[in-house]
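*Asks:* Here it is: the structure, laid out below.
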Amino acid sequence: MVKNVVTSHFIQISPTTFQYPPVIINIEPRSRAAFPLTLLNANQYARPRLVLIGDSAHRIHPMAGQGVNMGFGDVLCLINILEQAVRDGADFSSLTYLVDYERQRQLQCLARLLSIDSLNRLYSTSFSPIVALRSVGLSFVNEFSLLKKFFAKQAASRS
């Protein structure tokens, strides 16, 4: 059904240039493609009848699967918001409810984005004083099981 809706919408735009799903026509030998691993966070996650989730809302360096965990968190939060709207007898696509999703996810995602980006920067440098501080910090965390459990729990969460 989704394919039919998407296809019918785009076929009206240009049936000759849009194909769903896309097809690879040719691969040049020894060719490479890449996209930058940059931090990205949308200014808004919600508009009337529209929400951004996962990589469309935020992008992060692929460190320990945190991007996918954040996407799962988006889905769980959106489900809770939509269920609340239905329980309230309201239009679930109302911006009133979707802004709640945006507020909750912006707060949670921004903290995760900044912490992962900071860790990525911390481990991307070879500047000796930073490397030494990083090693001391890692040893400190490794010695305290409560701290280690806290960080492991944060890394595994879908917030």
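Ordered as shown in the structure tokens, chains take letters A, B, and onward, while each chain numbers its residues from 1 and ligands are numbered from 1 in the order shown.
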DSSP on the backbone, then: every residue of range 72-158 of chain A marked alpha helix (DSSP H), written as number ranges by chain.
*Replies:* A: 72-87, 95-123, 128-143, 145-156
*Asks:* Take the residues that were just selected and, keeping C-alpha atoms, output them as a short mmCIF file (atom, residue, chain, number, x, y, z; two decimals), in the first residue's frame.
*Replies:*
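As a result, result-v9.cif now contains:
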```
data_model
loop_
_atom_site.label_atom_id
_atom_site.label_comp_id
_atom_site.auth_asym_id
_atom_site.auth_seq_id
_atom_site.Cartn_x
_atom_site.Cartn_y
_atom_site.Cartn_z
CA PHE A 72 14.26 3.22 17.93
CA GLY A 73 13.75 5.76 20.71
CA ASP A 74 12.05 8.10 18.21
CA VAL A 75 9.63 5.35 17.19
CA LEU A 76 8.81 4.38 20.78
CA CYS A 77 8.23 8.01 21.76
CA LEU A 78 6.05 8.66 18.72
CA ILE A 79 3.96 5.57 19.45
CA ASN A 80 3.37 6.80 23.01
CA ILE A 81 2.40 10.28 21.79
CA LEU A 82 0.02 8.92 19.13
CA GLU A 83 -1.56 6.51 21.61
CA GLN A 84 -2.13 9.40 24.03
CA ALA A 85 -3.81 11.45 21.30
CA VAL A 86 -6.12 8.52 20.48
CA ARG A 87 -6.93 8.02 24.19
CA LEU A 95 0.60 19.64 15.96
CA THR A 96 -0.28 19.89 19.65
CA TYR A 97 0.70 16.24 20.12
CA LEU A 98 3.49 16.16 17.56
CA VAL A 99 5.24 19.06 19.30
CA ASP A 100 5.31 16.91 22.46
CA TYR A 101 7.21 14.29 20.45
CA GLU A 102 9.58 16.97 19.17
CA ARG A 103 10.20 18.41 22.64
CA GLN A 104 10.90 15.02 24.21
CA ARG A 105 13.14 13.77 21.42
CA GLN A 106 15.06 17.00 20.91
CA LEU A 107 16.01 16.98 24.59
CA GLN A 108 17.04 13.33 24.65
CA CYS A 109 18.74 13.29 21.25
CA LEU A 110 20.72 16.47 21.75
CA ALA A 111 22.36 15.08 24.89
CA ARG A 112 23.21 11.83 23.08
CA LEU A 113 24.42 13.62 19.94
CA LEU A 114 26.74 15.89 21.89
CA SER A 115 28.15 13.11 24.06
CA ILE A 116 28.84 10.78 21.10
CA ASP A 117 30.31 13.62 19.05
CA SER A 118 32.55 14.55 22.00
CA LEU A 119 33.71 10.94 22.38
CA ASN A 120 34.38 10.72 18.66
CA ARG A 121 36.48 13.89 18.78
CA LEU A 122 38.25 12.71 21.93
CA TYR A 123 39.26 9.41 20.31
CA SER A 128 49.68 13.61 23.46
CA PRO A 129 48.13 15.48 26.42
CA ILE A 130 44.62 14.54 25.27
CA VAL A 131 45.66 10.91 24.73
CA ALA A 132 47.12 10.82 28.27
CA LEU A 133 43.98 12.36 29.83
CA ARG A 134 41.81 9.98 27.81
CA SER A 135 43.77 6.98 29.12
CA VAL A 136 43.53 8.18 32.73
CA GLY A 137 39.80 8.78 32.34
CA LEU A 138 39.21 5.36 30.82
CA SER A 139 41.21 3.68 33.59
CA PHE A 140 39.20 5.61 36.18
CA VAL A 141 35.88 4.49 34.70
CA ASN A 142 37.16 0.92 34.41
CA GLU A 143 38.00 0.83 38.15
CA SER A 145 31.87 -0.75 38.46
CA LEU A 146 28.95 1.59 39.21
CA LEU A 147 30.29 4.15 36.77
CA LYS A 148 30.98 1.46 34.19
CA LYS A 149 27.42 0.11 34.58
CA PHE A 150 26.01 3.62 34.23
CA PHE A 151 27.82 4.21 30.93
CA ALA A 152 26.87 0.75 29.64
CA LYS A 153 23.22 1.39 30.49
CA GLN A 154 23.31 4.77 28.73
CA ALA A 155 24.89 3.22 25.64
CA ALA A 156 22.26 0.47 25.51
#
```
*Asks:* Using DSSP on the backbone, list every residue of range 37-122 of chain A that comes out as strand (DSSP E or B), and give them as a PDB file with N, CA and C atoms, in the first residue's frame.
*Replies:*
```
ATOM      1  N   LEU A  40      24.448  16.002  12.751  1.00  0.00           N
ATOM      2  CA  LEU A  40      23.322  16.745  12.196  1.00  0.00           C
ATOM      3  C   LEU A  40      22.135  16.576  13.130  1.00  0.00           C
ATOM      4  N   ASN A  41      21.451  17.661  13.385  1.00  0.00           N
ATOM      5  CA  ASN A  41      20.230  17.610  14.183  1.00  0.00           C
ATOM      6  C   ASN A  41      19.254  18.616  13.591  1.00  0.00           C
ATOM      7  N   ALA A  46       8.911  18.188  14.117  1.00  0.00           N
ATOM      8  CA  ALA A  46       7.470  18.077  13.871  1.00  0.00           C
ATOM      9  C   ALA A  46       6.945  19.305  13.144  1.00  0.00           C
ATOM     10  N   ARG A  47       6.053  19.031  12.221  1.00  0.00           N
ATOM     11  CA  ARG A  47       5.286  20.036  11.491  1.00  0.00           C
ATOM     12  C   ARG A  47       3.867  19.472  11.419  1.00  0.00           C
ATOM     13  N   LEU A  50       3.295  15.814  10.086  1.00  0.00           N
ATOM     14  CA  LEU A  50       4.602  15.306   9.659  1.00  0.00           C
ATOM     15  C   LEU A  50       5.549  15.260  10.851  1.00  0.00           C
ATOM     16  N   VAL A  51       6.293  14.162  10.977  1.00  0.00           N
ATOM     17  CA  VAL A  51       7.367  14.096  11.965  1.00  0.00           C
ATOM     18  C   VAL A  51       8.607  13.507  11.311  1.00  0.00           C
ATOM     19  N   HIS A  58      18.107  13.239  12.871  1.00  0.00           N
ATOM     20  CA  HIS A  58      19.431  13.410  13.462  1.00  0.00           C
ATOM     21  C   HIS A  58      20.397  12.414  12.839  1.00  0.00           C
ATOM     22  N   ARG A  59      21.634  12.866  12.711  1.00  0.00           N
ATOM     23  CA  ARG A  59      22.673  11.993  12.156  1.00  0.00           C
ATOM     24  C   ARG A  59      23.896  12.121  13.057  1.00  0.00           C
TER      25      ARG A  59
END
```
*Asks:* What's the separation between CA of Asn43 in chain A and CA of Met63 in chain A, in Å to one decimal place?
*Replies:*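 We find that CA of Asn43 in chain A and CA of Met63 in chain A lie 22.6 Å from each other.
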*Asks:* Pick out the closest residue to Ala42 in chain A from this set: A:Ser94, A:Ser56, A:Ser157, A:Ser124. Count only C-alpha atoms.
*Replies:* A:Ser56
*Asks:* What is the CA of Ala57 in chain A to CA of Met70 in chain A distance in Å?
*Replies:*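 These two atoms are separated by 9.9 Å.
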